[in-house]
$ cat query13.pdb   # PDB, N, CA and C atoms
ATOM      1  N   MET A  95      20.572  -5.041 -31.693
ATOM      2  CA  MET A  95      21.125  -6.036 -30.811
ATOM      3  C   MET A  95      20.115  -7.173 -30.687
ATOM      4  N   PRO A  96      20.547  -8.430 -30.842
ATOM      5  CA  PRO A  96      19.610  -9.558 -30.734
ATOM      6  C   PRO A  96      19.137  -9.730 -29.292
ATOM      7  N   PRO A  97      17.927 -10.247 -29.110
ATOM      8  CA  PRO A  97      17.435 -10.452 -27.745
ATOM      9  C   PRO A  97      18.301 -11.470 -27.017
ATOM     10  N   GLN A  98      18.473 -11.237 -25.712
ATOM     11  CA  GLN A  98      19.281 -12.148 -24.912
ATOM     12  C   GLN A  98      18.472 -13.373 -24.530
ATOM     13  N   ARG A  99      19.116 -14.520 -24.591
ATOM     14  CA  ARG A  99      18.465 -15.747 -24.133
ATOM     15  C   ARG A  99      18.426 -15.740 -22.619
ATOM     16  N   SER A 100      17.349 -16.247 -22.067
ATOM     17  CA  SER A 100      17.310 -16.372 -20.618
ATOM     18  C   SER A 100      18.197 -17.542 -20.213
ATOM     19  N   PRO A 101      18.815 -17.448 -19.011
ATOM     20  CA  PRO A 101      19.719 -18.503 -18.578
ATOM     21  C   PRO A 101      18.995 -19.835 -18.449
ATOM     22  N   ASP A 102      19.712 -20.906 -18.694
ATOM     23  CA  ASP A 102      19.173 -22.251 -18.541
ATOM     24  C   ASP A 102      19.365 -22.669 -17.091
ATOM     25  N   ALA A 103      18.288 -22.630 -16.299
ATOM     26  CA  ALA A 103      18.366 -22.919 -14.867
ATOM     27  C   ALA A 103      18.863 -24.326 -14.594
ATOM     28  N   SER A 104      18.644 -25.248 -15.512
ATOM     29  CA  SER A 104      19.090 -26.619 -15.283
ATOM     30  C   SER A 104      20.616 -26.721 -15.295
ATOM     31  N   ARG A 105      21.282 -25.726 -15.861
ATOM     32  CA  ARG A 105      22.744 -25.722 -15.903
ATOM     33  C   ARG A 105      23.343 -25.016 -14.700
ATOM     34  N   PHE A 106      22.507 -24.406 -13.869
ATOM     35  CA  PHE A 106      23.020 -23.642 -12.736
ATOM     36  C   PHE A 106      23.277 -24.558 -11.554
ATOM     37  N   ALA A 107      24.429 -24.410 -10.926
ATOM     38  CA  ALA A 107      24.811 -25.285  -9.812
ATOM     39  C   ALA A 107      24.372 -24.719  -8.473
ATOM     40  N   THR A 108      24.200 -25.620  -7.535
ATOM     41  CA  THR A 108      23.975 -25.248  -6.147
ATOM     42  C   THR A 108      25.266 -24.663  -5.604
ATOM     43  N   GLY A 109      25.163 -23.627  -4.769
ATOM     44  CA  GLY A 109      26.379 -23.086  -4.182
ATOM     45  C   GLY A 109      26.156 -21.791  -3.448
ATOM     46  N   VAL A 110      27.270 -21.199  -3.033
ATOM     47  CA  VAL A 110      27.277 -19.944  -2.288
ATOM     48  C   VAL A 110      28.173 -18.970  -3.039
ATOM     49  N   LEU A 111      27.701 -17.743  -3.182
ATOM     50  CA  LEU A 111      28.478 -16.679  -3.807
ATOM     51  C   LEU A 111      28.576 -15.537  -2.806
ATOM     52  N   ASN A 112      29.798 -15.146  -2.439
ATOM     53  CA  ASN A 112      29.981 -14.008  -1.547
ATOM     54  C   ASN A 112      30.011 -12.739  -2.387
ATOM     55  N   VAL A 113      29.015 -11.888  -2.190
ATOM     56  CA  VAL A 113      28.870 -10.661  -2.965
ATOM     57  C   VAL A 113      29.370  -9.486  -2.135
ATOM     58  N   ASP A 114      30.165  -8.603  -2.737
ATOM     59  CA  ASP A 114      30.603  -7.369  -2.086
ATOM     60  C   ASP A 114      29.517  -6.325  -2.332
ATOM     61  N   LYS A 115      28.592  -6.196  -1.373
ATOM     62  CA  LYS A 115      27.448  -5.297  -1.531
ATOM     63  C   LYS A 115      27.891  -3.850  -1.359
ATOM     64  N   SER A 116      27.467  -3.005  -2.277
ATOM     65  CA  SER A 116      27.806  -1.589  -2.193
ATOM     66  C   SER A 116      26.735  -0.823  -1.421
ATOM     67  N   ALA A 117      27.111   0.353  -0.944
ATOM     68  CA  ALA A 117      26.177   1.209  -0.208
ATOM     69  C   ALA A 117      25.044   1.636  -1.133
ATOM     70  N   GLY A 118      23.846   1.735  -0.585
ATOM     71  CA  GLY A 118      22.685   2.156  -1.358
ATOM     72  C   GLY A 118      21.891   1.005  -1.933
ATOM     73  N   GLU A 119      22.463  -0.178  -1.926
ATOM     74  CA  GLU A 119      21.797  -1.369  -2.444
ATOM     75  C   GLU A 119      21.171  -2.136  -1.287
ATOM     76  N   THR A 120      20.022  -2.730  -1.505
ATOM     77  CA  THR A 120      19.439  -3.580  -0.473
ATOM     78  C   THR A 120      19.841  -5.030  -0.729
ATOM     79  N   SER A 121      19.812  -5.830   0.326
ATOM     80  CA  SER A 121      20.101  -7.261   0.177
ATOM     81  C   SER A 121      19.097  -7.895  -0.775
ATOM     82  N   PHE A 122      17.842  -7.460  -0.684
ATOM     83  CA  PHE A 122      16.781  -7.979  -1.548
ATOM     84  C   PHE A 122      17.073  -7.682  -3.019
ATOM     85  N   SER A 123      17.559  -6.466  -3.319
ATOM     86  CA  SER A 123      17.838  -6.114  -4.720
ATOM     87  C   SER A 123      19.005  -6.935  -5.276
ATOM     88  N   VAL A 124      19.994  -7.243  -4.430
ATOM     89  CA  VAL A 124      21.117  -8.083  -4.861
ATOM     90  C   VAL A 124      20.613  -9.473  -5.230
ATOM     91  N   VAL A 125      19.775 -10.052  -4.352
ATOM     92  CA  VAL A 125      19.227 -11.392  -4.600
ATOM     93  C   VAL A 125      18.380 -11.397  -5.870
ATOM     94  N   ASN A 126      17.527 -10.392  -6.039
ATOM     95  CA  ASN A 126      16.674 -10.325  -7.235
ATOM     96  C   ASN A 126      17.497 -10.236  -8.515
ATOM     97  N   ARG A 127      18.544  -9.416  -8.498
ATOM     98  CA  ARG A 127      19.380  -9.268  -9.691
ATOM     99  C   ARG A 127      20.066 -10.594 -10.025
ATOM    100  N   LEU A 128      20.582 -11.282  -9.008
ATOM    101  CA  LEU A 128      21.245 -12.568  -9.256
ATOM    102  C   LEU A 128      20.258 -13.634  -9.713
ATOM    103  N   ARG A 129      19.043 -13.579  -9.204
ATOM    104  CA  ARG A 129      18.009 -14.538  -9.650
ATOM    105  C   ARG A 129      17.736 -14.342 -11.144
ATOM    106  N   ARG A 130      17.608 -13.085 -11.570
ATOM    107  CA  ARG A 130      17.357 -12.798 -12.991
ATOM    108  C   ARG A 130      18.554 -13.187 -13.855
ATOM    109  N   LEU A 131      19.764 -12.872 -13.390
ATOM    110  CA  LEU A 131      20.964 -13.148 -14.183
ATOM    111  C   LEU A 131      21.247 -14.637 -14.336
ATOM    112  N   THR A 132      20.978 -15.404 -13.285
ATOM    113  CA  THR A 132      21.333 -16.825 -13.310
ATOM    114  C   THR A 132      20.192 -17.729 -13.738
ATOM    115  N   GLY A 133      18.957 -17.283 -13.547
ATOM    116  CA  GLY A 133      17.817 -18.135 -13.826
ATOM    117  C   GLY A 133      17.578 -19.179 -12.747
ATOM    118  N   ALA A 134      18.297 -19.079 -11.636
ATOM    119  CA  ALA A 134      18.127 -20.033 -10.537
ATOM    120  C   ALA A 134      16.727 -19.886  -9.951
ATOM    121  N   HIS A 135      16.151 -21.004  -9.525
ATOM    122  CA  HIS A 135      14.805 -20.983  -8.950
ATOM    123  C   HIS A 135      14.819 -20.524  -7.500
ATOM    124  N   ARG A 136      15.778 -21.013  -6.732
ATOM    125  CA  ARG A 136      15.854 -20.681  -5.311
ATOM    126  C   ARG A 136      17.128 -19.895  -5.055
ATOM    127  N   VAL A 137      16.951 -18.652  -4.611
ATOM    128  CA  VAL A 137      18.080 -17.783  -4.292
ATOM    129  C   VAL A 137      17.735 -17.063  -2.998
ATOM    130  N   GLY A 138      18.663 -17.012  -2.082
ATOM    131  CA  GLY A 138      18.447 -16.308  -0.821
ATOM    132  C   GLY A 138      19.768 -15.797  -0.281
ATOM    133  N   HIS A 139      19.703 -15.032   0.798
ATOM    134  CA  HIS A 139      20.936 -14.528   1.404
ATOM    135  C   HIS A 139      21.004 -14.953   2.861
ATOM    136  N   ALA A 140      22.216 -14.998   3.375
ATOM    137  CA  ALA A 140      22.445 -15.439   4.752
ATOM    138  C   ALA A 140      22.746 -14.224   5.617
ATOM    139  N   GLY A 141      21.733 -13.399   5.829
ATOM    140  CA  GLY A 141      21.884 -12.208   6.659
ATOM    141  C   GLY A 141      21.664 -10.953   5.855
ATOM    142  N   THR A 142      20.961 -10.019   6.440
ATOM    143  CA  THR A 142      20.645  -8.764   5.768
ATOM    144  C   THR A 142      21.656  -7.695   6.138
ATOM    145  N   LEU A 143      22.134  -6.963   5.141
ATOM    146  CA  LEU A 143      22.963  -5.789   5.382
ATOM    147  C   LEU A 143      22.105  -4.554   5.171
ATOM    148  N   ASP A 144      22.243  -3.586   6.058
ATOM    149  CA  ASP A 144      21.535  -2.319   5.935
ATOM    150  C   ASP A 144      21.867  -1.691   4.577
ATOM    151  N   PRO A 145      20.906  -0.998   3.952
ATOM    152  CA  PRO A 145      21.191  -0.383   2.645
ATOM    153  C   PRO A 145      22.402   0.556   2.657
ATOM    154  N   LEU A 146      22.680   1.223   3.785
ATOM    155  CA  LEU A 146      23.835   2.120   3.844
ATOM    156  C   LEU A 146      25.142   1.373   4.087
ATOM    157  N   ALA A 147      25.063   0.115   4.487
ATOM    158  CA  ALA A 147      26.259  -0.670   4.809
ATOM    159  C   ALA A 147      26.862  -1.302   3.558
ATOM    160  N   THR A 148      28.177  -1.450   3.595
ATOM    161  CA  THR A 148      28.881  -2.209   2.566
ATOM    162  C   THR A 148      29.436  -3.463   3.227
ATOM    163  N   GLY A 149      29.702  -4.475   2.450
ATOM    164  CA  GLY A 149      30.291  -5.673   3.023
ATOM    165  C   GLY A 149      29.900  -6.922   2.279
ATOM    166  N   VAL A 150      30.298  -8.046   2.853
ATOM    167  CA  VAL A 150      30.065  -9.351   2.232
ATOM    168  C   VAL A 150      28.645  -9.810   2.517
ATOM    169  N   LEU A 151      27.931 -10.136   1.464
ATOM    170  CA  LEU A 151      26.582 -10.690   1.555
ATOM    171  C   LEU A 151      26.637 -12.092   0.953
ATOM    172  N   PRO A 152      26.587 -13.141   1.799
ATOM    173  CA  PRO A 152      26.577 -14.499   1.257
ATOM    174  C   PRO A 152      25.237 -14.788   0.577
ATOM    175  N   VAL A 153      25.280 -15.111  -0.714
ATOM    176  CA  VAL A 153      24.069 -15.424  -1.475
ATOM    177  C   VAL A 153      24.075 -16.924  -1.751
ATOM    178  N   LEU A 154      22.962 -17.580  -1.426
ATOM    179  CA  LEU A 154      22.837 -19.032  -1.523
ATOM    180  C   LEU A 154      21.937 -19.389  -2.698
ATOM    181  N   PHE A 155      22.333 -20.418  -3.453
ATOM    182  CA  PHE A 155      21.589 -20.834  -4.633
ATOM    183  C   PHE A 155      21.089 -22.263  -4.498
ATOM    184  N   GLU A 156      19.862 -22.460  -4.972
ATOM    185  CA  GLU A 156      19.215 -23.772  -5.048
ATOM    186  C   GLU A 156      19.245 -24.479  -3.693
ATOM    187  N   SER A 157      19.686 -25.737  -3.613
ATOM    188  CA  SER A 157      19.588 -26.469  -2.341
ATOM    189  C   SER A 157      20.515 -25.913  -1.264
ATOM    190  N   ALA A 158      21.477 -25.068  -1.624
ATOM    191  CA  ALA A 158      22.338 -24.431  -0.618
ATOM    192  C   ALA A 158      21.558 -23.440   0.244
ATOM    193  N   THR A 159      20.347 -23.049  -0.185
ATOM    194  CA  THR A 159      19.545 -22.135   0.636
ATOM    195  C   THR A 159      19.221 -22.759   1.989
ATOM    196  N   ARG A 160      19.306 -24.084   2.085
ATOM    197  CA  ARG A 160      19.077 -24.761   3.370
ATOM    198  C   ARG A 160      20.169 -24.436   4.386
ATOM    199  N   LEU A 161      21.294 -23.938   3.932
ATOM    200  CA  LEU A 161      22.409 -23.616   4.823
ATOM    201  C   LEU A 161      22.256 -22.266   5.509
ATOM    202  N   ALA A 162      21.240 -21.501   5.149
ATOM    203  CA  ALA A 162      21.082 -20.149   5.683
ATOM    204  C   ALA A 162      21.044 -20.138   7.204
ATOM    205  N   GLU A 163      20.296 -21.044   7.811
ATOM    206  CA  GLU A 163      20.183 -21.035   9.272
ATOM    207  C   GLU A 163      21.536 -21.273   9.936
ATOM    208  N   PHE A 164      22.407 -22.064   9.318
ATOM    209  CA  PHE A 164      23.737 -22.302   9.880
ATOM    210  C   PHE A 164      24.648 -21.104   9.640
ATOM    211  N   ALA A 165      24.563 -20.514   8.473
ATOM    212  CA  ALA A 165      25.399 -19.360   8.140
ATOM    213  C   ALA A 165      25.078 -18.172   9.040
ATOM    214  N   LEU A 166      23.820 -18.020   9.419
ATOM    215  CA  LEU A 166      23.429 -16.909  10.287
ATOM    216  C   LEU A 166      24.046 -17.027  11.675
ATOM    217  N   LYS A 167      24.426 -18.229  12.078
ATOM    218  CA  LYS A 167      25.010 -18.448  13.407
ATOM    219  C   LYS A 167      26.535 -18.322  13.417
ATOM    220  N   LEU A 168      27.147 -18.163  12.253
ATOM    221  CA  LEU A 168      28.599 -18.034  12.187
ATOM    222  C   LEU A 168      29.039 -16.690  12.766
ATOM    223  N   PRO A 169      30.269 -16.608  13.300
ATOM    224  CA  PRO A 169      30.751 -15.334  13.848
ATOM    225  C   PRO A 169      30.909 -14.291  12.739
ATOM    226  N   LYS A 170      30.687 -13.049  13.116
ATOM    227  CA  LYS A 170      30.779 -11.940  12.168
ATOM    228  C   LYS A 170      31.688 -10.862  12.749
ATOM    229  N   THR A 171      32.289 -10.075  11.890
ATOM    230  CA  THR A 171      33.116  -8.953  12.305
ATOM    231  C   THR A 171      32.562  -7.694  11.663
ATOM    232  N   TYR A 172      32.460  -6.638  12.453
ATOM    233  CA  TYR A 172      31.953  -5.369  11.950
ATOM    234  C   TYR A 172      33.049  -4.319  12.071
ATOM    235  N   VAL A 173      33.207  -3.514  11.038
ATOM    236  CA  VAL A 173      34.165  -2.420  11.028
ATOM    237  C   VAL A 173      33.385  -1.155  10.716
ATOM    238  N   ALA A 174      33.657  -0.089  11.475
ATOM    239  CA  ALA A 174      32.906   1.156  11.269
ATOM    240  C   ALA A 174      33.852   2.349  11.298
ATOM    241  N   ASP A 175      33.533   3.352  10.509
ATOM    242  CA  ASP A 175      34.196   4.655  10.568
ATOM    243  C   ASP A 175      33.232   5.601  11.254
ATOM    244  N   ILE A 176      33.705   6.270  12.301
ATOM    245  CA  ILE A 176      32.847   7.190  13.042
ATOM    246  C   ILE A 176      33.410   8.593  12.889
ATOM    247  N   HIS A 177      32.564   9.509  12.469
ATOM    248  CA  HIS A 177      32.943  10.910  12.310
ATOM    249  C   HIS A 177      32.177  11.713  13.349
ATOM    250  N   LEU A 178      32.914  12.384  14.240
ATOM    251  CA  LEU A 178      32.301  13.157  15.318
ATOM    252  C   LEU A 178      32.406  14.646  15.026
ATOM    253  N   GLY A 179      31.516  15.418  15.653
ATOM    254  CA  GLY A 179      31.633  16.865  15.585
ATOM    255  C   GLY A 179      30.742  17.541  14.560
ATOM    256  N   PHE A 180      29.788  16.846  13.983
ATOM    257  CA  PHE A 180      28.846  17.485  13.061
ATOM    258  C   PHE A 180      27.498  16.794  13.161
ATOM    259  N   VAL A 181      26.482  17.473  12.658
ATOM    260  CA  VAL A 181      25.127  16.911  12.652
ATOM    261  C   VAL A 181      24.592  16.935  11.226
ATOM    262  N   THR A 182      23.602  16.097  10.975
ATOM    263  CA  THR A 182      22.905  16.109   9.697
ATOM    264  C   THR A 182      21.414  16.229   9.970
ATOM    265  N   ALA A 183      20.666  16.616   8.974
ATOM    266  CA  ALA A 183      19.220  16.790   9.129
ATOM    267  C   ALA A 183      18.520  15.465   9.419
ATOM    268  N   THR A 184      19.103  14.358   8.976
ATOM    269  CA  THR A 184      18.455  13.050   9.154
ATOM    270  C   THR A 184      19.138  12.181  10.209
ATOM    271  N   ASP A 185      20.188  12.705  10.858
ATOM    272  CA  ASP A 185      20.939  11.969  11.885
ATOM    273  C   ASP A 185      21.566  10.680  11.358
ATOM    274  N   ASP A 186      21.886  10.633  10.075
ATOM    275  CA  ASP A 186      22.580   9.476   9.511
ATOM    276  C   ASP A 186      23.496   9.943   8.385
ATOM    277  N   ALA A 187      24.119   9.028   7.700
ATOM    278  CA  ALA A 187      25.095   9.367   6.661
ATOM    279  C   ALA A 187      24.469   9.751   5.327
ATOM    280  N   GLU A 188      23.146   9.698   5.217
ATOM    281  CA  GLU A 188      22.506  10.014   3.934
ATOM    282  C   GLU A 188      22.464  11.508   3.647
ATOM    283  N   ALA A 189      22.409  12.332   4.674
ATOM    284  CA  ALA A 189      22.303  13.783   4.477
ATOM    285  C   ALA A 189      23.685  14.426   4.590
ATOM    286  N   GLU A 190      23.822  15.596   4.006
ATOM    287  CA  GLU A 190      25.065  16.357   4.090
ATOM    288  C   GLU A 190      25.207  16.961   5.488
ATOM    289  N   PRO A 191      26.454  17.112   5.965
ATOM    290  CA  PRO A 191      26.660  17.767   7.271
ATOM    291  C   PRO A 191      26.144  19.199   7.241
ATOM    292  N   GLU A 192      25.592  19.624   8.376
ATOM    293  CA  GLU A 192      25.068  21.007   8.464
ATOM    294  C   GLU A 192      26.137  21.927   8.995
TER
END
$ encode --input "query13.pdb" --output "structure tokens"
Amino acid sequence: MPPQRSPDASRFATGVLNVDKSAGETSFSVVNRLRRLTGAHRVGHAGTLDPLATGVLPVLFESATRLAEFALKLPKTYVADIHLGFVTATDDAEAEPE
């Protein structure tokens, strides 16, 4: 397989990408992967999601990173599933029920 060319950062546009973050991934790892894939110089996110959480992670590119402070003030909605009646060794969803 021929080596892959690195992306041409000069062709990358400023903007926002809403990423559907999966459980087990950190916000930092999502940003790092997108930085490598796009070759963008400035990449950041508008709010951290817990590694166990899933949901929309707004990722900002280039000069759009200046919008982070405004995006953090926007209203948010949280949805949770709660399972009662069991315990785990770690008191969270990472361990199996005992």
$ select_by_dssp --input "query13.pdb" --residues "chain A" --states "strand (DSSP E)" --output "MDAnalysis selection string"
chainID A and resid 109:115 137:139 149:155
$ atom_distance --input "query13.pdb" --atom1 "atom CA of Thr148 of chain A" --atom2 "atom N of Lys115 of chain A"
5.6 Å
$ closest_residue --input "query13.pdb" --among "A:Ala158, A:Val124, A:Ala174, A:Val181" --to "Gly109 of chain A" --atoms "all atoms listed in the file"
A:Ala158
$ residues_around --input "query13.pdb" --residues "Val137 of chain A" --least-positions-apart "3" --cutoff "7 Å" --atoms "all atoms listed in the file" --output "MDAnalysis selection string"
chainID A and resid 125 129 134 153:156 159
$ atom_distance --input "query13.pdb" --atom1 "atom CA of Thr171 of chain A" --atom2 "atom CA of Gly141 of chain A"
13.0 Å
$ atom_distance --input "query13.pdb" --atom1 "atom CA of Ala107 of chain A" --atom2 "atom CA of Ala165 of chain A"
18.9 Å
$ closest_residue --input "query13.pdb" --among "A:Val113, A:His177, A:Glu192, A:Phe122" --to "Val150 of chain A" --atoms "only N, CA and C atoms"
A:Val113
$ select_by_dssp --input "query13.pdb" --residues "segment 100-161 of chain A" --states "helix (DSSP H, G or I)" --output "list in words"
Ala103, Ser104, Arg105, Ser121, Phe122, Ser123, Val124, Val125, Asn126, Arg127, Leu128, Arg129, Arg130, Leu131, Thr132, Glu156, Ser157, Ala158, Thr159, Arg160 and Leu161 of chain A
$ closest_residue --input "query13.pdb" --among "A:Glu163, A:Arg136, A:Pro169, A:Pro145" --to "Ser121 of chain A" --atoms "all atoms listed in the file"
A:Pro145
$ residues_around --input "query13.pdb" --residues "Leu143 of chain A" --least-positions-apart "3" --cutoff "6.5 Å" --atoms "all atoms listed in the file" --output "ChimeraX atom specification"
/A:120-121,146-147
$ closest_residue --input "query13.pdb" --among "A:Asp186, A:Arg130, A:Ala140, A:Ser116" --to "Lys170 of chain A" --atoms "only C-alpha atoms"
A:Ala140
